[in-house]
$ cat query_29.tsv   # TSV, C-alpha atoms
chain	number	residue	atom	x	y	z
A	853	MET	CA	0.75	90.12	-114.63
A	854	ALA	CA	3.09	87.17	-115.12
A	855	GLU	CA	6.79	87.67	-115.61
A	856	PRO	CA	7.83	87.41	-119.30
A	857	SER	CA	10.01	84.35	-118.63
A	858	THR	CA	7.06	82.53	-117.10
A	859	THR	CA	4.86	83.43	-120.07
A	860	THR	CA	7.54	82.22	-122.47
A	861	VAL	CA	7.89	78.90	-120.67
A	862	ALA	CA	4.09	78.47	-120.57
A	863	ALA	CA	3.82	79.13	-124.30
A	864	GLY	CA	6.65	76.70	-124.93
A	865	THR	CA	4.92	74.02	-122.88
A	866	THR	CA	1.81	74.40	-125.02
A	867	GLY	CA	3.90	74.06	-128.16
A	868	LEU	CA	5.69	71.05	-126.71
A	869	THR	CA	2.38	69.36	-125.96
A	870	LEU	CA	1.15	69.92	-129.51
A	871	ALA	CA	4.46	68.73	-130.99
A	872	SER	CA	4.35	65.52	-128.97
A	873	PHE	CA	1.40	64.35	-131.07
A	874	MET	CA	3.55	64.27	-134.21
A	875	ILE	CA	4.49	60.81	-135.43
A	876	GLY	CA	8.19	60.01	-135.48
A	877	LEU	CA	9.12	62.66	-132.95
A	878	ASP	CA	11.48	61.70	-130.11
A	879	VAL	CA	9.34	63.05	-127.29
A	880	SER	CA	11.92	62.18	-124.64
A	881	ALA	CA	14.59	64.25	-126.39
A	882	LEU	CA	12.12	67.07	-127.00
A	883	ILE	CA	11.12	67.21	-123.33
A	884	GLY	CA	14.77	67.15	-122.24
A	885	ALA	CA	15.72	69.87	-124.72
A	886	PHE	CA	12.77	72.03	-123.68
A	887	ALA	CA	13.60	71.64	-119.99
A	888	GLY	CA	17.24	72.58	-120.58
A	889	ALA	CA	16.34	75.53	-122.79
A	890	SER	CA	13.78	76.74	-120.23
A	891	LEU	CA	16.35	76.54	-117.46
A	892	PHE	CA	18.78	78.61	-119.51
A	893	VAL	CA	16.18	81.22	-120.50
A	894	VAL	CA	14.80	81.63	-116.98
A	895	SER	CA	18.30	82.07	-115.54
A	896	ALA	CA	19.36	84.64	-118.18
A	897	ARG	CA	17.71	87.67	-116.61
A	898	GLU	CA	20.07	90.24	-118.16
A	899	LEU	CA	18.83	89.45	-121.69
A	900	SER	CA	15.90	91.10	-123.44
A	901	ILE	CA	12.71	89.18	-124.14
A	902	LEU	CA	13.53	88.87	-127.85
A	903	GLU	CA	17.00	87.51	-127.07
A	904	ARG	CA	15.51	85.01	-124.62
A	905	LEU	CA	13.03	83.78	-127.22
A	906	ILE	CA	15.74	83.38	-129.85
A	907	TYR	CA	18.02	81.55	-127.40
A	908	LEU	CA	15.09	79.37	-126.33
A	909	LEU	CA	14.49	78.27	-129.91
A	910	ILE	CA	18.20	77.70	-130.58
A	911	SER	CA	18.58	75.70	-127.36
A	912	ILE	CA	15.55	73.53	-128.06
A	913	LEU	CA	16.60	72.85	-131.63
A	914	MET	CA	20.22	72.04	-130.82
A	915	GLY	CA	19.30	70.06	-127.71
A	916	TYR	CA	16.86	67.97	-129.71
A	917	LEU	CA	19.20	67.42	-132.66
A	918	VAL	CA	22.62	67.13	-130.98
A	919	GLY	CA	21.85	65.62	-127.57
A	920	PRO	CA	20.70	62.18	-128.77
A	921	THR	CA	23.62	62.02	-131.22
A	922	LEU	CA	26.11	62.70	-128.45
A	923	ALA	CA	24.45	60.08	-126.27
A	924	TRP	CA	24.59	57.55	-129.06
A	925	HIS	CA	28.32	58.17	-129.61
A	926	PHE	CA	29.44	58.25	-125.98
A	927	TYR	CA	26.86	56.11	-124.15
A	928	PRO	CA	25.13	53.81	-126.65
A	929	SER	CA	23.51	51.79	-123.86
A	930	TRP	CA	21.32	54.69	-122.66
A	931	GLU	CA	17.66	53.98	-123.13
A	932	THR	CA	16.43	57.57	-123.02
A	933	THR	CA	17.57	60.69	-124.80
A	934	ALA	CA	16.11	63.19	-122.33
A	935	LEU	CA	19.24	63.74	-120.23
A	936	PRO	CA	21.68	64.32	-123.11
A	937	ALA	CA	19.16	66.63	-124.79
A	938	PHE	CA	18.74	68.52	-121.51
A	939	LEU	CA	22.48	68.94	-121.00
A	940	THR	CA	23.06	69.97	-124.59
A	941	ALA	CA	20.24	72.53	-124.50
A	942	VAL	CA	21.63	74.06	-121.29
A	943	ALA	CA	25.19	74.28	-122.59
A	944	VAL	CA	24.90	75.07	-126.30
A	945	VAL	CA	24.11	78.80	-126.11
A	946	THR	CA	26.54	79.47	-123.27
A	947	PHE	CA	29.32	77.62	-125.08
A	948	SER	CA	28.56	79.36	-128.38
A	949	LEU	CA	28.59	82.81	-126.80
A	950	ARG	CA	31.97	82.03	-125.15
A	951	VAL	CA	33.40	80.96	-128.51
A	952	ILE	CA	32.12	84.14	-130.17
A	953	GLU	CA	33.70	86.29	-127.44
A	954	GLY	CA	36.94	84.33	-127.75
A	955	VAL	CA	37.06	84.92	-131.50
A	956	LYS	CA	36.40	88.63	-131.01
A	957	ASN	CA	39.30	88.89	-128.58
A	958	LEU	CA	41.66	86.67	-130.58
A	959	ASP	CA	45.04	88.26	-131.36
A	960	ILE	CA	46.22	86.55	-134.53
A	961	SER	CA	49.71	88.04	-134.26
A	962	ARG	CA	50.29	85.84	-131.20
A	963	LEU	CA	49.69	82.75	-133.33
A	964	PHE	CA	52.50	83.69	-135.74
A	965	PRO	CA	55.29	85.17	-133.61
A	966	GLY	CA	57.86	85.51	-136.42
A	967	GLY	CA	55.52	87.21	-138.90
A	968	ARG	CA	56.25	90.21	-141.13
A	969	LYS	CA	57.66	93.38	-139.70
$ encode --input "query_29.tsv" --output "C-alpha coordinates"
Amino acid sequence: MAEPSTTTVAAGTTGLTLASFMIGLDVSALIGAFAGASLFVVSARELSILERLIYLLISILMGYLVGPTLAWHFYPSWETTALPAFLTAVAVVTFSLRVIEGVKNLDISRLFPGGRK
(Lines of atoms letter the chains of each structure in order from A and count residues from 1; the text may use other names and numbers.)
(Lines give C-alpha, C1' and ligand atoms only; values in the text may rest on other atoms or scores of the structure.)
Protein backbone atom coordinates (compact mmCIF):
# COMPACT_ATOMS: atom_id res chain seq x y z
CA MET A 1 0.00 0.00 0.00
CA ALA A 2 1.35 3.42 -0.95
CA GLU A 3 2.03 6.05 1.66
CA PRO A 4 -0.77 8.67 1.87
CA SER A 5 1.58 11.48 0.80
CA THR A 6 2.50 9.58 -2.34
CA THR A 7 -1.16 8.94 -3.13
CA THR A 8 -1.95 12.63 -2.61
CA VAL A 9 0.84 13.73 -4.93
CA ALA A 10 -0.23 11.18 -7.57
CA ALA A 11 -3.83 12.40 -7.42
CA GLY A 12 -2.60 15.98 -7.67
CA THR A 13 -0.52 15.14 -10.72
CA THR A 14 -3.60 13.73 -12.44
CA GLY A 15 -5.52 16.89 -11.62
CA LEU A 16 -2.64 19.03 -12.84
CA THR A 17 -2.57 17.17 -16.14
CA LEU A 18 -6.30 17.68 -16.65
CA ALA A 19 -6.07 21.37 -15.67
CA SER A 20 -3.27 21.97 -18.17
CA PHE A 21 -5.76 21.46 -21.01
CA MET A 22 -7.75 24.52 -19.95
CA ILE A 23 -7.35 27.54 -22.20
CA GLY A 24 -5.86 30.63 -20.59
CA LEU A 25 -4.18 28.74 -17.78
CA ASP A 26 -0.56 29.58 -16.95
CA VAL A 27 0.73 26.02 -17.01
CA SER A 28 4.24 27.06 -15.98
CA ALA A 29 2.94 28.74 -12.82
CA LEU A 30 0.63 25.81 -12.11
CA ILE A 31 3.46 23.29 -12.39
CA GLY A 32 5.70 25.42 -10.16
CA ALA A 33 2.95 25.88 -7.58
CA PHE A 34 2.15 22.17 -7.59
CA ALA A 35 5.80 21.21 -7.18
CA GLY A 36 6.23 23.62 -4.26
CA ALA A 37 3.01 22.51 -2.60
CA SER A 38 3.97 18.85 -3.04
CA LEU A 39 7.36 19.48 -1.48
CA PHE A 40 5.72 21.13 1.51
CA VAL A 41 3.10 18.39 1.94
CA VAL A 42 5.58 15.53 1.64
CA SER A 43 7.91 17.13 4.20
CA ALA A 44 5.11 17.82 6.73
CA ARG A 45 4.93 14.34 8.23
CA GLU A 46 3.53 15.44 11.60
CA LEU A 47 0.26 16.64 10.02
CA SER A 48 -2.83 14.52 9.45
CA ILE A 49 -3.91 13.55 5.95
CA LEU A 50 -6.79 16.05 5.98
CA GLU A 51 -4.47 18.87 7.06
CA ARG A 52 -2.00 17.92 4.31
CA LEU A 53 -4.74 18.01 1.68
CA ILE A 54 -5.98 21.40 2.85
CA TYR A 55 -2.45 22.81 2.93
CA LEU A 56 -1.80 21.31 -0.52
CA LEU A 57 -4.79 23.15 -1.97
CA ILE A 58 -3.90 26.41 -0.21
CA SER A 59 -0.29 26.19 -1.38
CA ILE A 60 -1.24 25.46 -4.98
CA LEU A 61 -3.79 28.25 -5.09
CA MET A 62 -1.57 30.88 -3.49
CA GLY A 63 1.50 29.77 -5.43
CA TYR A 64 -0.41 30.04 -8.69
CA LEU A 65 -2.01 33.39 -7.88
CA VAL A 66 0.74 35.19 -5.93
CA GLY A 67 3.96 33.80 -7.40
CA PRO A 68 3.65 35.31 -10.90
CA THR A 69 2.55 38.64 -9.39
CA LEU A 70 5.62 38.76 -7.19
CA ALA A 71 7.83 37.89 -10.14
CA TRP A 72 6.26 40.61 -12.23
CA HIS A 73 6.85 43.22 -9.51
CA PHE A 74 10.40 42.26 -8.55
CA TYR A 75 11.83 40.65 -11.71
CA PRO A 76 9.78 41.77 -14.73
CA SER A 77 12.35 40.32 -17.14
CA TRP A 78 11.69 36.70 -16.10
CA GLU A 79 10.25 34.67 -18.91
CA THR A 80 8.74 31.89 -16.81
CA THR A 81 6.54 31.95 -13.74
CA ALA A 82 7.39 28.45 -12.50
CA LEU A 83 10.14 29.42 -10.05
CA PRO A 84 8.26 32.23 -8.28
CA ALA A 85 5.15 30.04 -8.07
CA PHE A 86 7.26 27.22 -6.64
CA LEU A 87 8.87 29.44 -4.00
CA THR A 88 5.58 31.02 -3.04
CA ALA A 89 3.84 27.65 -2.72
CA VAL A 90 6.64 26.34 -0.47
CA ALA A 91 6.65 29.40 1.78
CA VAL A 92 3.03 30.54 2.02
CA VAL A 93 1.70 27.97 4.51
CA THR A 94 4.82 28.03 6.68
CA PHE A 95 4.80 31.82 6.79
CA SER A 96 1.05 31.95 7.51
CA LEU A 97 1.32 29.45 10.36
CA ARG A 98 4.19 31.49 11.89
CA VAL A 99 2.08 34.65 11.71
CA ILE A 100 -0.86 32.89 13.36
CA GLU A 101 1.38 31.63 16.19
CA GLY A 102 2.87 35.10 16.58
CA VAL A 103 -0.58 36.66 16.90
CA LYS A 104 -1.59 34.05 19.47
CA ASN A 105 1.46 34.85 21.58
CA LEU A 106 1.25 38.63 21.13
CA ASP A 107 1.21 40.60 24.39
CA ILE A 108 -0.61 43.83 23.57
CA SER A 109 0.34 45.43 26.89
CA ARG A 110 3.95 45.52 25.67
CA LEU A 111 2.89 47.69 22.72
CA PHE A 112 1.43 50.36 25.03
CA PRO A 113 3.78 50.59 28.03
CA GLY A 114 2.09 53.59 29.69
CA GLY A 115 -1.46 52.22 29.47
CA ARG A 116 -4.15 52.25 32.17
CA LYS A 117 -3.45 50.96 35.62
$ closest_residue --input "query_29.tsv" --among "A:Ser948, A:Ser890, A:Thr940, A:Ser895" --to "Ala923 (chain A)" --atoms "all atoms listed in the file"
A:Thr940
$ residues_around --input "query_29.tsv" --residues "region 913-922 of chain A" --least-positions-apart "6" --cutoff "7 Å" --atoms "only C-alpha atoms" --output "list in words"
Ala881, Leu882, Ala885, Thr933, Pro936, Ala937, Phe938, Thr940 and Ala941 of chain A
$ atom_distance --input "query_29.tsv" --atom1 "CA of Glu953 (chain A)" --atom2 "CA of Ala887 (chain A)"
26.0 Å
$ atom_distance --input "query_29.tsv" --atom1 "CA of Val893 (chain A)" --atom2 "CA of Val944 (chain A)"
12.1 Å
$ atom_distance --input "query_29.tsv" --atom1 "CA of Leu905 (chain A)" --atom2 "CA of Ile875 (chain A)"
25.8 Å
